[in-house]
Structure formats: C-alpha cells, structure tokens
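Structure data (compact mmCIF, C-alpha atoms) from upload.txt:
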# COMPACT_ATOMS: atom_id res chain seq x y z
CA MET A 20 120.90 192.61 93.66
CA LYS A 21 121.94 189.05 94.36
CA ARG A 22 119.50 186.90 96.28
CA PHE A 23 119.35 183.49 97.85
CA LEU A 24 116.24 181.93 99.34
CA SER A 25 115.80 178.56 100.97
CA ILE A 26 112.72 177.18 102.71
CA THR A 27 113.95 173.99 104.23
CA ARG A 28 113.32 171.25 106.74
CA ASP A 29 117.04 170.97 107.42
CA PRO A 30 118.80 172.74 110.29
CA ILE A 31 120.21 176.11 109.30
CA ASP A 32 123.98 175.94 108.85
CA GLU A 33 124.80 179.42 110.05
CA ALA A 34 128.55 178.88 110.04
CA GLY A 35 128.41 177.58 106.49
CA LEU A 36 126.30 180.51 105.36
CA VAL A 37 128.69 183.01 106.88
CA ALA A 38 131.67 181.19 105.40
CA ASN A 39 130.12 181.39 101.95
CA ARG A 40 129.46 185.12 102.08
CA THR A 41 130.55 187.08 99.05
CA LEU A 42 130.71 190.84 98.83
CA SER A 43 132.31 193.28 96.45
CA SER A 44 135.01 195.75 97.46
CA GLY A 45 132.54 198.63 97.76
CA MET A 46 130.50 196.89 100.43
CA GLY A 47 131.19 197.77 104.04
CA ALA A 48 128.33 196.15 105.92
CA ALA A 49 127.14 192.57 106.25
CA VAL A 50 124.31 192.31 108.76
CA TYR A 51 122.73 189.01 109.62
CA PHE A 52 119.99 188.00 112.01
CA SER A 53 119.21 184.60 113.41
CA GLY A 54 115.75 184.04 114.86
CA VAL A 55 115.83 181.35 117.55
CA VAL A 56 112.90 179.41 118.97
CA ARG A 57 112.24 180.48 122.55
CA GLY A 58 111.33 178.05 125.31
CA GLN A 59 108.05 179.77 125.96
CA GLU A 60 105.12 180.64 123.80
CA GLY A 61 103.14 183.16 125.77
CA ALA A 62 102.99 181.76 129.30
CA GLU A 63 103.39 178.15 128.17
CA ALA A 64 106.67 176.25 128.23
CA ILE A 65 107.31 174.56 124.91
CA ALA A 66 109.83 172.13 123.43
CA ALA A 67 109.57 173.20 119.81
CA LEU A 68 107.56 174.99 117.18
CA ASP A 69 106.02 173.23 114.20
CA TYR A 70 106.26 175.48 111.16
CA SER A 71 103.92 174.91 108.25
CA CYS A 72 104.16 176.73 104.95
CA PHE A 73 102.36 177.24 101.66
CA VAL A 74 105.71 176.89 99.91
CA PRO A 75 105.01 178.14 96.35
CA MET A 76 103.27 181.25 97.65
CA ALA A 77 105.90 181.81 100.33
CA GLU A 78 108.66 181.69 97.71
CA HIS A 79 106.71 184.07 95.49
CA GLN A 80 106.05 186.52 98.30
CA PHE A 81 109.66 186.43 99.47
CA HIS A 82 110.84 187.24 95.96
CA ARG A 83 108.36 190.11 95.74
CA LEU A 84 109.91 191.50 98.92
CA PHE A 85 113.37 191.04 97.45
CA ASP A 86 112.20 192.85 94.29
CA ARG A 87 111.11 195.80 96.43
CA LEU A 88 114.42 195.68 98.28
CA ALA A 89 116.30 195.75 94.99
CA GLU A 90 114.44 198.91 93.98
CA ARG A 91 116.20 200.74 96.81
CA GLY A 92 119.45 200.26 94.93
CA SER A 93 121.57 200.22 98.09
CA VAL A 94 121.64 196.48 98.83
CA GLU A 95 124.13 194.24 97.06
CA SER A 96 122.75 190.93 98.28
CA VAL A 97 120.15 189.32 100.49
CA ARG A 98 120.20 185.73 101.67
CA LEU A 99 117.34 184.22 103.65
CA VAL A 100 116.74 180.74 105.02
CA HIS A 101 113.49 179.79 106.77
CA ARG A 102 112.99 176.42 108.37
CA ILE A 103 109.72 174.54 108.25
CA GLY A 104 108.68 171.42 110.08
CA ARG A 105 109.67 170.95 113.71
CA VAL A 106 112.24 173.37 115.11
CA ALA A 107 113.40 172.69 118.66
CA VAL A 108 113.88 175.33 121.31
CA GLY A 109 117.29 176.91 120.89
CA GLU A 110 117.46 176.21 117.16
CA SER A 111 117.29 178.86 114.49
CA SER A 112 114.10 179.08 112.48
CA LEU A 113 115.11 182.10 110.41
CA TRP A 114 118.41 183.38 109.11
CA ILE A 115 118.75 186.49 107.00
CA GLU A 116 121.74 188.46 105.83
CA VAL A 117 121.88 191.76 103.99
CA VAL A 118 125.04 193.18 102.43
CA SER A 119 125.27 196.85 101.57
CA ALA A 120 127.78 199.67 101.51
CA HIS A 121 126.86 201.09 104.91
CA ARG A 122 125.49 199.68 108.15
CA ALA A 123 122.38 201.81 108.35
CA GLU A 124 121.14 200.46 105.03
CA ALA A 125 122.00 196.90 106.00
CA PHE A 126 120.34 197.04 109.41
CA GLY A 127 117.31 198.80 107.98
CA ALA A 128 116.90 196.38 105.11
CA CYS A 129 117.26 193.36 107.37
CA GLN A 130 114.60 194.69 109.73
CA TRP A 131 112.35 195.65 106.84
CA VAL A 132 112.41 192.20 105.24
CA ILE A 133 111.55 190.54 108.56
CA ASP A 134 108.74 192.98 109.29
CA GLU A 135 107.25 192.55 105.82
CA MET A 136 107.68 188.77 105.92
CA LYS A 137 105.54 188.66 109.03
CA GLN A 138 102.75 190.38 107.09
CA VAL A 139 102.68 188.54 103.78
CA VAL A 140 104.66 185.28 103.71
CA PRO A 141 102.35 182.32 104.39
CA ILE A 142 104.19 180.53 107.16
CA TRP A 143 102.55 179.52 110.42
CA LYS A 144 103.80 178.06 113.65
CA SER A 145 102.19 175.98 116.34
CA PRO A 146 103.72 175.27 119.75
CA VAL A 147 104.81 171.75 120.72
CA THR A 148 104.93 170.88 124.41
CA ALA A 149 107.52 168.50 125.82
CA ALA A 150 104.83 165.82 126.18
CA GLU A 151 103.74 166.26 122.58
CA ALA A 152 107.33 166.20 121.38
CA SER A 153 108.00 162.90 123.15
CA THR A 154 104.94 161.22 121.64
CA SER A 155 105.51 162.34 118.05
CA LEU A 156 109.09 161.59 117.19
CA ASN A 157 108.52 161.72 113.47
CA PRO A 158 106.47 164.84 112.89
CA ASN A 159 105.23 165.58 109.45
CA PRO A 160 103.14 168.74 109.62
CA THR A 161 101.50 170.20 106.59
CA SER A 162 104.17 171.09 104.08
CA MET B 25 82.46 176.10 87.43
CA THR B 26 84.27 174.28 90.19
CA ILE B 27 86.92 176.02 92.25
CA PRO B 28 89.34 174.06 94.42
CA VAL B 29 89.91 175.58 97.83
CA THR B 30 92.81 174.76 100.15
CA PHE B 31 92.79 175.49 103.87
CA TRP B 32 96.14 176.21 105.52
CA SER B 33 97.30 176.08 109.11
CA TYR B 34 94.55 175.60 111.69
CA PHE B 35 91.91 176.45 109.13
CA ALA B 36 92.24 172.84 107.95
CA GLU B 37 91.31 171.62 111.42
CA LEU B 38 88.37 174.01 111.60
CA ALA B 39 87.16 172.91 108.17
CA GLY B 40 87.73 169.25 108.90
CA CYS B 41 89.71 168.88 105.70
CA SER B 42 92.63 170.51 103.95
CA GLU B 43 90.95 170.82 100.57
CA THR B 44 87.49 171.03 99.11
CA VAL B 45 85.82 172.01 95.88
CA VAL B 46 83.14 174.68 95.62
CA THR B 47 80.77 174.96 92.69
CA VAL B 48 79.90 178.54 91.76
CA SER B 49 78.33 180.17 88.75
CA ALA B 50 80.46 181.81 86.09
CA SER B 51 81.92 185.21 87.02
CA SER B 52 81.30 184.66 90.70
CA THR B 53 83.38 186.65 93.14
CA ILE B 54 85.38 185.31 96.03
CA ASP B 55 82.75 186.74 98.37
CA GLU B 56 80.15 184.58 96.66
CA LEU B 57 82.39 181.54 96.93
CA LEU B 58 82.92 182.25 100.61
CA ALA B 59 79.20 182.52 101.23
CA ALA B 60 78.76 179.02 99.88
CA LEU B 61 81.82 177.77 101.70
CA TYR B 62 80.77 179.15 105.06
CA GLN B 63 77.47 177.30 104.87
CA ALA B 64 79.39 174.04 104.68
CA HIS B 65 82.10 175.10 107.15
CA PRO B 66 80.50 177.48 109.67
CA ALA B 67 83.50 177.39 112.01
CA LEU B 68 85.46 179.29 109.38
CA ALA B 69 82.81 181.98 109.11
CA GLU B 70 83.58 183.13 112.63
CA LEU B 71 87.10 184.04 111.50
CA ARG B 72 86.15 185.76 108.27
CA ARG B 73 87.48 189.16 109.36
CA SER B 74 90.99 187.85 109.88
CA THR B 75 90.96 185.41 106.97
CA LEU B 76 93.58 185.94 104.27
CA ILE B 77 92.67 184.92 100.74
CA ALA B 78 94.92 183.97 97.87
CA VAL B 79 94.28 182.93 94.31
CA GLY B 80 97.27 180.97 93.15
CA VAL B 81 100.18 182.68 94.88
CA GLU B 82 98.73 186.21 94.98
CA TYR B 83 96.60 187.81 97.66
CA GLN B 84 93.12 188.81 96.55
CA ASP B 85 90.09 190.36 98.17
CA GLY B 86 86.45 189.39 98.11
CA GLU B 87 85.67 191.34 94.98
CA TYR B 88 88.02 189.28 92.82
CA VAL B 89 86.10 187.63 89.97
CA LEU B 90 86.92 183.96 89.74
CA LYS B 91 87.98 182.30 86.51
CA PRO B 92 88.10 178.64 85.50
CA GLY B 93 91.38 177.19 86.68
CA ASP B 94 91.66 179.44 89.73
CA HIS B 95 92.77 177.81 92.97
CA VAL B 96 91.75 179.59 96.15
CA SER B 97 93.60 179.35 99.44
CA LEU B 98 92.27 180.50 102.80
CA PHE B 99 94.44 180.94 105.84
CA PRO B 100 94.86 182.80 109.12
CA PRO B 101 97.31 185.67 109.68
CA VAL B 102 100.84 184.58 108.91
CA GLN B 103 103.47 183.95 111.62
CA GLY B 104 106.83 183.49 109.97
CA GLY B 105 110.09 184.08 111.75

Using structure tokens, write down the structure that the file contains.
Amino acid sequence: MKRFLSITRDPIDEAGLVANRTLSSGMGAAVYFSGVVRGQEGAEAIAALDYSCFVPMAEHQFHRLFDRLAERGSVESVRLVHRIGRVAVGESSLWIEVVSAHRAEAFGACQWVIDEMKQVVPIWKSPVTAAEASTSLNPNPTS
Amino acid sequence: MTIPVTFWSYFAELAGCSETVVTVSASSTIDELLAALYQAHPALAELRRSTLIAVGVEYQDGEYVLKPGDHVSLFPPVQGG
C-alpha cells in the first residue's frame, strides 16, 4: 500500500493533491475528505484554531494506523495531510484520501483512519477568538 | 536515574513549564514517577484519569518500568482533525 503523510504549517493544497493522484487500472474508488475549521467551537464564535502537535509521535502513530490499514489488503493508497499552527475558519485542517477498488472499502477506510486518528495521534487544538487573532499576528504555538 | 518529562498542550500551562526532569530510583515505574511529579505539579494530578502517557513515541501505562534514556511525555486526550 502506498502512503503519503505530511504534517505541515502550510495551507493544504487540495487541488494540487487531487491533481497528483495516481491509481492503477484496477482501482475504482478514490474517496477524499477535507476537514474544515468551523466558525464556532461549542457556543463560542472563533476566528481560528491553533493546532499543536508532538510531531515525531504523531508521525509514528499515523504510520501505525497506515500499517493496520495495509493489513486489510483492499487499499491501494492513502494520503493524509494535517495542518498544525494557526488554521483560520474556513480553511482545511485535515485532508485524507483513500484509493481502493470499490467505494465501500474506500469510504470505510477513510472514516476508520479519521476515527482512529482522533484516539491516538497526539495533536491538540485550542480556539482563537477574533480579538486574540488580531493581537497575535505571528502565532508560534508549541510545535 | 533522571527521566526527562515533556508536557504537551495545556498540560504545559498547568505545569508551568513544558519540560522537567524527575529523579527516580532504578527500575521505577511510570506510576512512581508520576507520584513524584504530582507532588511538584499538583494541578496535573487532578487530571490523572484522563492523562495519556508516552515513552518515546509509544503509549505506555503506569506499570511500565523505566530505563535510563527513556523520555516520558504527558498529555491530555488528543483532538486531531
């Protein structure tokens, strides 16, 4: 199973990722999901989320999930990009794509990786209000 | 032996630092390290039930026996996505 992982402070180039998709002739499903920062966190209006990450462990835990995904034998590739640092409302914080022969496997695998990520990958987010965003133009949260 | 401990996310604010070093006797467990740590950082003790523990890049539980060179990380439940 092919895999690509990026934990990055840069905006996620969804169009570029889609344009660079590769799949073999036996593959009939490419499912991708983009997680976008909402304008509310609970009842509070926010301007952004600050994502912090224990990067070496996050990479390790992501690859363990990909290893488990590979054991299924039905997924040809998985690509995942997770942003860290400040992500404004309306921007994507997570992008994941799964390629497999059939849609059920692709949808299921995509959902599974996200669900498992939320249990084991050490990434945290903290809300940023509009006032906080305007007073900290150069955020540098814990890497 | 001395064991470096890193606090992630808001645990660093609760601890008042992002890293510390805890001195424990040889073959101590993580639970024993935590007992010493919570004396110095009582705000963290209140969250012990939800605290996640890693040694290096692997999750461990309180019964893990520490070795020289281990690096412990403590953090709250993860929130990726």

Interface list for chain B, partner chain A, 6 Å threshold, all atoms listed in the file, as number ranges by chain: B: 81, 102-105

Residues within 12 Å of stretch 70-72 of chain B, all atoms listed in the file, excluding chain neighbours under 5 positions, as a ChimeraX atom specification: /B:34-35,38-39,55,58-59,61-63,65,77,85-86,98-101

Contact residues around A:Ala123 with only C-alpha atoms at 12 Å, ignoring same-chain residues under 3 positions, as a ChimeraX atom specification: /A:47-50,93-94,117-120,126-131

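Taking atom CA of A:Gly61 as the reference point, atom CA of B:Leu76 is found at 23.7 Å.
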
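Atom CA of B:Val46 sits 7.5 Å away from atom CA of B:Ala60.
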
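With atom CA of A:Asp69 on one side and atom CA of A:Asp86 on the other, the separation reads 28.6 Å.
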
Long-range neighbours of B:Leu90 as a PyMOL selection string, 12 Å cut-off, all atoms listed in the file, 2 positions minimum in chain: chain B and resi 25-28+46-58+78-80+84-88+92-96

Same residues, C-alpha atoms, saved as a compact mmCIF listing (two decimals), keeping the file's coordinate frame:
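This is the output file result_8.txt:
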# COMPACT_ATOMS: atom_id res chain seq x y z
CA MET B 25 82.46 176.10 87.43
CA THR B 26 84.27 174.28 90.19
CA ILE B 27 86.92 176.02 92.25
CA PRO B 28 89.34 174.06 94.42
CA VAL B 46 83.14 174.68 95.62
CA THR B 47 80.77 174.96 92.69
CA VAL B 48 79.90 178.54 91.76
CA SER B 49 78.33 180.17 88.75
CA ALA B 50 80.46 181.81 86.09
CA SER B 51 81.92 185.21 87.02
CA SER B 52 81.30 184.66 90.70
CA THR B 53 83.38 186.65 93.14
CA ILE B 54 85.38 185.31 96.03
CA ASP B 55 82.75 186.74 98.37
CA GLU B 56 80.15 184.58 96.66
CA LEU B 57 82.39 181.54 96.93
CA LEU B 58 82.92 182.25 100.61
CA ALA B 78 94.92 183.97 97.87
CA VAL B 79 94.28 182.93 94.31
CA GLY B 80 97.27 180.97 93.15
CA GLN B 84 93.12 188.81 96.55
CA ASP B 85 90.09 190.36 98.17
CA GLY B 86 86.45 189.39 98.11
CA GLU B 87 85.67 191.34 94.98
CA TYR B 88 88.02 189.28 92.82
CA PRO B 92 88.10 178.64 85.50
CA GLY B 93 91.38 177.19 86.68
CA ASP B 94 91.66 179.44 89.73
CA HIS B 95 92.77 177.81 92.97
CA VAL B 96 91.75 179.59 96.15

For stretch 44-80 of chain A, supply N, CA and C atoms and report the output as an mmCIF file, keeping the file's coordinate frame.
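Contents of part.cif, freshly written:
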data_model
loop_
_atom_site.group_PDB
_atom_site.id
_atom_site.type_symbol
_atom_site.label_atom_id
_atom_site.label_comp_id
_atom_site.auth_asym_id
_atom_site.auth_seq_id
_atom_site.Cartn_x
_atom_site.Cartn_y
_atom_site.Cartn_z
ATOM 1 N N SER A 44 134.102 194.881 96.690
ATOM 2 C CA SER A 44 135.010 195.750 97.460
ATOM 3 C C SER A 44 134.327 197.029 97.945
ATOM 4 N N GLY A 45 133.229 197.412 97.324
ATOM 5 C CA GLY A 45 132.540 198.630 97.760
ATOM 6 C C GLY A 45 131.606 198.418 98.930
ATOM 7 N N MET A 46 131.458 197.192 99.359
ATOM 8 C CA MET A 46 130.500 196.890 100.430
ATOM 9 C C MET A 46 131.196 196.937 101.782
ATOM 10 N N GLY A 47 130.590 197.652 102.726
ATOM 11 C CA GLY A 47 131.190 197.770 104.040
ATOM 12 C C GLY A 47 130.357 197.220 105.170
ATOM 13 N N ALA A 48 129.206 196.636 104.836
ATOM 14 C CA ALA A 48 128.330 196.150 105.920
ATOM 15 C C ALA A 48 127.692 194.825 105.523
ATOM 16 N N ALA A 49 127.852 193.846 106.393
ATOM 17 C CA ALA A 49 127.140 192.570 106.250
ATOM 18 C C ALA A 49 126.433 192.325 107.574
ATOM 19 N N VAL A 50 125.110 192.478 107.550
ATOM 20 C CA VAL A 50 124.310 192.310 108.760
ATOM 21 C C VAL A 50 123.528 191.029 108.640
ATOM 22 N N TYR A 51 123.625 190.170 109.656
ATOM 23 C CA TYR A 51 122.730 189.010 109.620
ATOM 24 C C TYR A 51 122.016 188.850 110.947
ATOM 25 N N PHE A 52 120.852 188.211 110.857
ATOM 26 C CA PHE A 52 119.990 188.000 112.010
ATOM 27 C C PHE A 52 119.600 186.534 112.038
ATOM 28 N N SER A 53 119.657 185.971 113.225
ATOM 29 C CA SER A 53 119.210 184.600 113.410
ATOM 30 C C SER A 53 118.065 184.603 114.413
ATOM 31 N N GLY A 54 116.915 184.140 113.974
ATOM 32 C CA GLY A 54 115.750 184.040 114.860
ATOM 33 C C GLY A 54 115.721 182.657 115.486
ATOM 34 N N VAL A 55 115.705 182.614 116.809
ATOM 35 C CA VAL A 55 115.830 181.350 117.550
ATOM 36 C C VAL A 55 114.523 181.065 118.279
ATOM 37 N N VAL A 56 114.131 179.808 118.285
ATOM 38 C CA VAL A 56 112.900 179.410 118.970
ATOM 39 C C VAL A 56 113.085 179.532 120.483
ATOM 40 N N ARG A 57 112.201 180.299 121.088
ATOM 41 C CA ARG A 57 112.240 180.480 122.550
ATOM 42 C C ARG A 57 111.566 179.306 123.251
ATOM 43 N N GLY A 58 111.893 179.150 124.531
ATOM 44 C CA GLY A 58 111.330 178.050 125.310
ATOM 45 C C GLY A 58 109.948 178.310 125.838
ATOM 46 N N GLN A 59 109.408 179.466 125.525
ATOM 47 C CA GLN A 59 108.050 179.770 125.960
ATOM 48 C C GLN A 59 107.285 180.393 124.819
ATOM 49 N N GLU A 60 106.042 180.023 124.742
ATOM 50 C CA GLU A 60 105.120 180.640 123.800
ATOM 51 C C GLU A 60 104.002 181.233 124.636
ATOM 52 N N GLY A 61 104.036 182.551 124.798
ATOM 53 C CA GLY A 61 103.140 183.160 125.770
ATOM 54 C C GLY A 61 103.582 182.724 127.159
ATOM 55 N N ALA A 62 102.657 182.193 127.938
ATOM 56 C CA ALA A 62 102.990 181.760 129.300
ATOM 57 C C ALA A 62 103.330 180.275 129.346
ATOM 58 N N GLU A 63 103.234 179.608 128.200
ATOM 59 C CA GLU A 63 103.390 178.150 128.170
ATOM 60 C C GLU A 63 104.817 177.751 127.801
ATOM 61 N N ALA A 64 105.364 176.807 128.585
ATOM 62 C CA ALA A 64 106.670 176.250 128.230
ATOM 63 C C ALA A 64 106.500 175.311 127.054
ATOM 64 N N ILE A 65 107.404 175.414 126.092
ATOM 65 C CA ILE A 65 107.310 174.560 124.910
ATOM 66 C C ILE A 65 108.662 173.890 124.640
ATOM 67 N N ALA A 66 108.605 172.845 123.820
ATOM 68 C CA ALA A 66 109.830 172.130 123.430
ATOM 69 C C ALA A 66 110.251 172.483 122.012
ATOM 70 N N ALA A 67 109.282 172.927 121.224
ATOM 71 C CA ALA A 67 109.570 173.200 119.810
ATOM 72 C C ALA A 67 108.424 173.981 119.201
ATOM 73 N N LEU A 68 108.639 174.415 117.987
ATOM 74 C CA LEU A 68 107.560 174.990 117.180
ATOM 75 C C LEU A 68 107.463 174.163 115.904
ATOM 76 N N ASP A 69 106.247 173.858 115.507
ATOM 77 C CA ASP A 69 106.020 173.230 114.200
ATOM 78 C C ASP A 69 105.665 174.326 113.201
ATOM 79 N N TYR A 70 106.499 174.472 112.190
ATOM 80 C CA TYR A 70 106.260 175.480 111.160
ATOM 81 C C TYR A 70 105.621 174.812 109.948
ATOM 82 N N SER A 71 104.512 175.364 109.500
ATOM 83 C CA SER A 71 103.920 174.910 108.250
ATOM 84 C C SER A 71 103.985 176.053 107.250
ATOM 85 N N CYS A 72 103.894 175.716 105.974
ATOM 86 C CA CYS A 72 104.160 176.730 104.950
ATOM 87 C C CYS A 72 103.449 176.364 103.650
ATOM 88 N N PHE A 73 102.880 177.357 103.023
ATOM 89 C CA PHE A 73 102.360 177.240 101.660
ATOM 90 C C PHE A 73 103.558 177.629 100.781
ATOM 91 N N VAL A 74 104.374 176.632 100.458
ATOM 92 C CA VAL A 74 105.710 176.890 99.910
ATOM 93 C C VAL A 74 105.701 177.708 98.608
ATOM 94 N N PRO A 75 104.932 177.336 97.593
ATOM 95 C CA PRO A 75 105.010 178.140 96.350
ATOM 96 C C PRO A 75 104.661 179.612 96.569
ATOM 97 N N MET A 76 103.646 179.850 97.395
ATOM 98 C CA MET A 76 103.270 181.250 97.650
ATOM 99 C C MET A 76 104.305 181.934 98.513
ATOM 100 N N ALA A 77 104.859 181.220 99.479
ATOM 101 C CA ALA A 77 105.900 181.810 100.330
ATOM 102 C C ALA A 77 107.102 182.216 99.481
ATOM 103 N N GLU A 78 107.523 181.352 98.579
ATOM 104 C CA GLU A 78 108.660 181.690 97.710
ATOM 105 C C GLU A 78 108.325 182.919 96.867
ATOM 106 N N HIS A 79 107.131 182.934 96.325
ATOM 107 C CA HIS A 79 106.710 184.070 95.490
ATOM 108 C C HIS A 79 106.695 185.362 96.298
ATOM 109 N N GLN A 80 106.149 185.300 97.488
ATOM 110 C CA GLN A 80 106.050 186.520 98.300
ATOM 111 C C GLN A 80 107.421 186.979 98.786
#
